[in-house]
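Participant: Have a peek at input_15.cif (mmCIF, C-alpha atoms).
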data_my_file
loop_
_atom_site.label_atom_id
_atom_site.label_comp_id
_atom_site.auth_asym_id
_atom_site.auth_seq_id
_atom_site.Cartn_x
_atom_site.Cartn_y
_atom_site.Cartn_z
CA MET X 982 0.00 0.00 0.00
CA ASN X 983 1.55 3.32 -0.97
CA ASP X 984 1.22 6.54 0.99
CA VAL X 985 -1.62 8.06 -1.06
CA GLU X 986 -3.80 4.98 -0.69
CA PHE X 987 -3.05 4.81 3.02
CA ILE X 988 -4.02 8.47 3.53
CA LYS X 989 -7.27 7.92 1.61
CA TRP X 990 -8.07 4.83 3.67
CA PHE X 991 -7.11 6.60 6.91
CA ALA X 992 -9.38 9.55 6.06
CA THR X 993 -12.36 7.19 5.68
CA LEU X 994 -12.01 6.11 9.30
CA GLY X 995 -13.37 9.39 10.58
CA VAL X 996 -12.49 11.17 13.78
CA GLY X 997 -13.05 8.11 15.97
CA GLY X 998 -10.81 5.90 13.85
CA ILE X 999 -8.07 8.51 13.70
CA LEU X 1000 -8.26 9.01 17.46
CA ALA X 1001 -8.12 5.24 18.00
CA GLY X 1002 -5.09 4.99 15.70
CA VAL X 1003 -3.26 7.76 17.53
CA MET X 1004 -4.07 6.18 20.90
CA PHE X 1005 -2.79 2.82 19.65
CA VAL X 1006 0.50 4.34 18.47
CA PHE X 1007 1.08 6.04 21.83
CA TYR X 1008 0.06 2.87 23.69
CA ARG X 1009 2.58 0.78 21.74
CA ARG X 1010 5.33 3.34 22.34
CA ASP X 1011 4.56 3.45 26.07
CA LEU X 1012 4.41 -0.35 26.27
CA ARG X 1013 7.76 -0.71 24.53
CA GLN X 1014 9.35 1.85 26.86
CA TYR X 1015 7.88 0.14 29.95
CA THR X 1016 9.06 -3.29 28.75
CA ASP X 1017 12.62 -2.03 28.24
CA MET X 1018 12.58 -0.43 31.69
CA TRP X 1019 11.22 -3.64 33.25
CA LYS X 1020 13.96 -5.73 31.63
CA GLY X 1021 16.61 -3.46 33.14
CA GLN X 1022 15.02 -3.60 36.57
CA SER X 1023 14.64 -7.38 36.45
CA ASP X 1024 18.34 -7.79 35.57
CA ASP X 1025 19.26 -5.60 38.53
CA LEU X 1026 16.96 -7.56 40.82
CA ILE X 1027 18.43 -10.88 39.69
CA GLN X 1028 21.92 -9.57 40.51
CA VAL X 1029 20.78 -8.49 43.99
CA VAL X 1030 19.23 -11.92 44.63
CA LYS X 1031 22.45 -13.66 43.57
CA GLU X 1032 24.54 -11.46 45.86
CA ASN X 1033 22.10 -11.98 48.73
CA THR X 1034 22.16 -15.75 48.24
CA ALA X 1035 25.97 -15.81 48.33
CA SER X 1036 25.97 -13.69 51.47
CA ASN X 1037 23.39 -15.91 53.17
CA THR X 1038 25.38 -19.02 52.30
CA LYS X 1039 28.51 -17.58 53.91
CA LEU X 1040 26.51 -16.52 56.94
CA VAL X 1041 25.04 -20.00 57.40
CA THR X 1042 28.53 -21.49 57.23
CA VAL X 1043 29.77 -19.10 59.94
CA ILE X 1044 26.74 -19.78 62.15
CA ASP X 1045 27.18 -23.55 61.81
CA ALA X 1046 30.84 -23.26 62.77
CA LEU X 1047 29.92 -21.07 65.75
CA HIS X 1048 27.31 -23.57 66.95
CA ARG X 1049 29.83 -26.40 66.79
CA ARG X 1050 32.29 -24.36 68.85
CA LEU X 1051 29.60 -23.42 71.38
CA ASP X 1052 28.49 -27.04 71.69
CA LEU X 1053 32.07 -28.14 72.25
CA THR X 1054 32.63 -25.36 74.81
CA GLU X 1055 29.46 -26.31 76.70
CA TRP X 1056 30.48 -29.98 76.71
CA GLN X 1057 33.95 -29.10 78.02
CA GLU X 1058 32.47 -26.94 80.80
CA LYS X 1059 30.12 -29.73 81.89
CA HIS X 1060 32.90 -32.30 82.00
CA ARG X 1061 35.67 -30.08 83.42
CA ASP X 1062 34.91 -30.82 87.10
CA ARG X 1063 34.56 -34.59 86.66
CA PRO X 1064 37.48 -36.77 87.67
#
Please render this file's structure as structure tokens.

Facilitator:
Amino acid sequence: MNDVEFIKWFATLGVGGILAGVMFVFYRRDLRQYTDMWKGQSDDLIQVVKENTASNTKLVTVIDALHRRLDLTEWQEKHRDRP
């Protein structure tokens, strides 16, 4: 379809059709912009989750080691006075 035919067809739509077409164009532009923004935010969020997971894993390791030391210390204190 060349430009002249498109303009003729577009003019037959009337005010409502033209308004709907303009709204659709702006909707698509807004949707594309929102989608690009969402992709950037989701990548950032994935990175934060990965960093948080690594931090939690290290923290669990430290807590487990601390519990083992506390259990050993408590056992030694209980059995210190026994002959």

Participant: Please, what is the axis-aligned box for every listed atom of segment 1028-1034 of chain X with 5 Å on each side, as centre and edge lengths in Å to one decimal, as AutoDock Vina command-line options?

Facilitator:
--center_x 21.9 --center_y -12.1 --center_z 44.6 --size_x 15.3 --size_y 17.3 --size_z 18.2

Participant: Mind giving me the straight-line distance from atom CA of Lys989 of chain X to atom CA of Phe1007 of chain X in Å, one decimal?

Facilitator: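 One can read the atom CA of Lys989 of chain X to atom CA of Phe1007 of chain X distance as 22.0 Å.
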
Participant: Would you compute the distance between atom CA of Ile988 of chain X and atom CA of Leu1012 of chain X? Give it in Å to one decimal.

Facilitator: 25.8 Å

Participant: What is the atom CA of Val996 of chain X to atom CA of Asn983 of chain X distance in Å?

Facilitator: 21.8 Å

Participant: For segment 1032-1062 of chain X, supply N, CA and C atoms and report the output as a PDB file, keeping the file's coordinate frame.

Facilitator:
ATOM      1  N   GLU X1032      23.634 -11.950  44.806  1.00  0.00           N
ATOM      2  CA  GLU X1032      24.540 -11.460  45.860  1.00  0.00           C
ATOM      3  C   GLU X1032      24.016 -11.803  47.247  1.00  0.00           C
ATOM      4  N   ASN X1033      22.704 -11.674  47.439  1.00  0.00           N
ATOM      5  CA  ASN X1033      22.100 -11.980  48.730  1.00  0.00           C
ATOM      6  C   ASN X1033      22.224 -13.476  49.040  1.00  0.00           C
ATOM      7  N   THR X1034      22.046 -14.308  48.039  1.00  0.00           N
ATOM      8  CA  THR X1034      22.160 -15.750  48.240  1.00  0.00           C
ATOM      9  C   THR X1034      23.585 -16.120  48.644  1.00  0.00           C
ATOM     10  N   ALA X1035      24.573 -15.530  47.968  1.00  0.00           N
ATOM     11  CA  ALA X1035      25.970 -15.810  48.330  1.00  0.00           C
ATOM     12  C   ALA X1035      26.261 -15.355  49.746  1.00  0.00           C
ATOM     13  N   SER X1036      25.759 -14.206  50.125  1.00  0.00           N
ATOM     14  CA  SER X1036      25.970 -13.690  51.470  1.00  0.00           C
ATOM     15  C   SER X1036      25.306 -14.592  52.514  1.00  0.00           C
ATOM     16  N   ASN X1037      24.091 -15.026  52.234  1.00  0.00           N
ATOM     17  CA  ASN X1037      23.390 -15.910  53.170  1.00  0.00           C
ATOM     18  C   ASN X1037      24.109 -17.240  53.321  1.00  0.00           C
ATOM     19  N   THR X1038      24.653 -17.751  52.236  1.00  0.00           N
ATOM     20  CA  THR X1038      25.380 -19.020  52.300  1.00  0.00           C
ATOM     21  C   THR X1038      26.601 -18.892  53.195  1.00  0.00           C
ATOM     22  N   LYS X1039      27.346 -17.806  53.048  1.00  0.00           N
ATOM     23  CA  LYS X1039      28.510 -17.580  53.910  1.00  0.00           C
ATOM     24  C   LYS X1039      28.078 -17.430  55.360  1.00  0.00           C
ATOM     25  N   LEU X1040      26.992 -16.728  55.586  1.00  0.00           N
ATOM     26  CA  LEU X1040      26.510 -16.520  56.940  1.00  0.00           C
ATOM     27  C   LEU X1040      26.091 -17.834  57.599  1.00  0.00           C
ATOM     28  N   VAL X1041      25.440 -18.697  56.865  1.00  0.00           N
ATOM     29  CA  VAL X1041      25.040 -20.000  57.400  1.00  0.00           C
ATOM     30  C   VAL X1041      26.268 -20.826  57.769  1.00  0.00           C
ATOM     31  N   THR X1042      27.294 -20.759  56.939  1.00  0.00           N
ATOM     32  CA  THR X1042      28.530 -21.490  57.230  1.00  0.00           C
ATOM     33  C   THR X1042      29.162 -20.982  58.530  1.00  0.00           C
ATOM     34  N   VAL X1043      29.198 -19.688  58.713  1.00  0.00           N
ATOM     35  CA  VAL X1043      29.770 -19.100  59.940  1.00  0.00           C
ATOM     36  C   VAL X1043      28.923 -19.486  61.155  1.00  0.00           C
ATOM     37  N   ILE X1044      27.620 -19.425  61.020  1.00  0.00           N
ATOM     38  CA  ILE X1044      26.740 -19.780  62.150  1.00  0.00           C
ATOM     39  C   ILE X1044      26.890 -21.249  62.512  1.00  0.00           C
ATOM     40  N   ASP X1045      26.977 -22.129  61.518  1.00  0.00           N
ATOM     41  CA  ASP X1045      27.180 -23.550  61.810  1.00  0.00           C
ATOM     42  C   ASP X1045      28.493 -23.784  62.547  1.00  0.00           C
ATOM     43  N   ALA X1046      29.543 -23.119  62.096  1.00  0.00           N
ATOM     44  CA  ALA X1046      30.840 -23.260  62.770  1.00  0.00           C
ATOM     45  C   ALA X1046      30.752 -22.738  64.204  1.00  0.00           C
ATOM     46  N   LEU X1047      30.075 -21.638  64.410  1.00  0.00           N
ATOM     47  CA  LEU X1047      29.920 -21.070  65.750  1.00  0.00           C
ATOM     48  C   LEU X1047      29.132 -22.019  66.647  1.00  0.00           C
ATOM     49  N   HIS X1048      28.093 -22.625  66.146  1.00  0.00           N
ATOM     50  CA  HIS X1048      27.310 -23.570  66.950  1.00  0.00           C
ATOM     51  C   HIS X1048      28.153 -24.759  67.356  1.00  0.00           C
ATOM     52  N   ARG X1049      28.973 -25.272  66.438  1.00  0.00           N
ATOM     53  CA  ARG X1049      29.830 -26.400  66.790  1.00  0.00           C
ATOM     54  C   ARG X1049      30.805 -26.018  67.901  1.00  0.00           C
ATOM     55  N   ARG X1050      31.358 -24.808  67.807  1.00  0.00           N
ATOM     56  CA  ARG X1050      32.290 -24.360  68.850  1.00  0.00           C
ATOM     57  C   ARG X1050      31.568 -24.174  70.181  1.00  0.00           C
ATOM     58  N   LEU X1051      30.352 -23.613  70.142  1.00  0.00           N
ATOM     59  CA  LEU X1051      29.600 -23.420  71.380  1.00  0.00           C
ATOM     60  C   LEU X1051      29.229 -24.761  72.007  1.00  0.00           C
ATOM     61  N   ASP X1052      28.821 -25.712  71.159  1.00  0.00           N
ATOM     62  CA  ASP X1052      28.490 -27.040  71.690  1.00  0.00           C
ATOM     63  C   ASP X1052      29.706 -27.689  72.324  1.00  0.00           C
ATOM     64  N   LEU X1053      30.848 -27.568  71.704  1.00  0.00           N
ATOM     65  CA  LEU X1053      32.070 -28.140  72.250  1.00  0.00           C
ATOM     66  C   LEU X1053      32.449 -27.436  73.552  1.00  0.00           C
ATOM     67  N   THR X1054      32.316 -26.117  73.602  1.00  0.00           N
ATOM     68  CA  THR X1054      32.630 -25.360  74.810  1.00  0.00           C
ATOM     69  C   THR X1054      31.700 -25.752  75.953  1.00  0.00           C
ATOM     70  N   GLU X1055      30.412 -25.898  75.671  1.00  0.00           N
ATOM     71  CA  GLU X1055      29.460 -26.310  76.700  1.00  0.00           C
ATOM     72  C   GLU X1055      29.790 -27.711  77.200  1.00  0.00           C
ATOM     73  N   TRP X1056      30.151 -28.615  76.319  1.00  0.00           N
ATOM     74  CA  TRP X1056      30.480 -29.980  76.710  1.00  0.00           C
ATOM     75  C   TRP X1056      31.721 -29.982  77.598  1.00  0.00           C
ATOM     76  N   GLN X1057      32.725 -29.158  77.222  1.00  0.00           N
ATOM     77  CA  GLN X1057      33.950 -29.100  78.020  1.00  0.00           C
ATOM     78  C   GLN X1057      33.675 -28.516  79.406  1.00  0.00           C
ATOM     79  N   GLU X1058      32.796 -27.522  79.491  1.00  0.00           N
ATOM     80  CA  GLU X1058      32.470 -26.940  80.800  1.00  0.00           C
ATOM     81  C   GLU X1058      31.737 -27.935  81.674  1.00  0.00           C
ATOM     82  N   LYS X1059      30.857 -28.734  81.101  1.00  0.00           N
ATOM     83  CA  LYS X1059      30.120 -29.730  81.890  1.00  0.00           C
ATOM     84  C   LYS X1059      31.043 -30.807  82.407  1.00  0.00           C
ATOM     85  N   HIS X1060      32.050 -31.177  81.638  1.00  0.00           N
ATOM     86  CA  HIS X1060      32.900 -32.300  82.000  1.00  0.00           C
ATOM     87  C   HIS X1060      34.224 -31.869  82.621  1.00  0.00           C
ATOM     88  N   ARG X1061      34.415 -30.611  82.885  1.00  0.00           N
ATOM     89  CA  ARG X1061      35.670 -30.080  83.420  1.00  0.00           C
ATOM     90  C   ARG X1061      35.845 -30.542  84.882  1.00  0.00           C
ATOM     91  N   ASP X1062      34.797 -30.516  85.681  1.00  0.00           N
ATOM     92  CA  ASP X1062      34.910 -30.820  87.100  1.00  0.00           C
ATOM     93  C   ASP X1062      34.884 -32.308  87.392  1.00  0.00           C
TER      94      ASP X1062
END
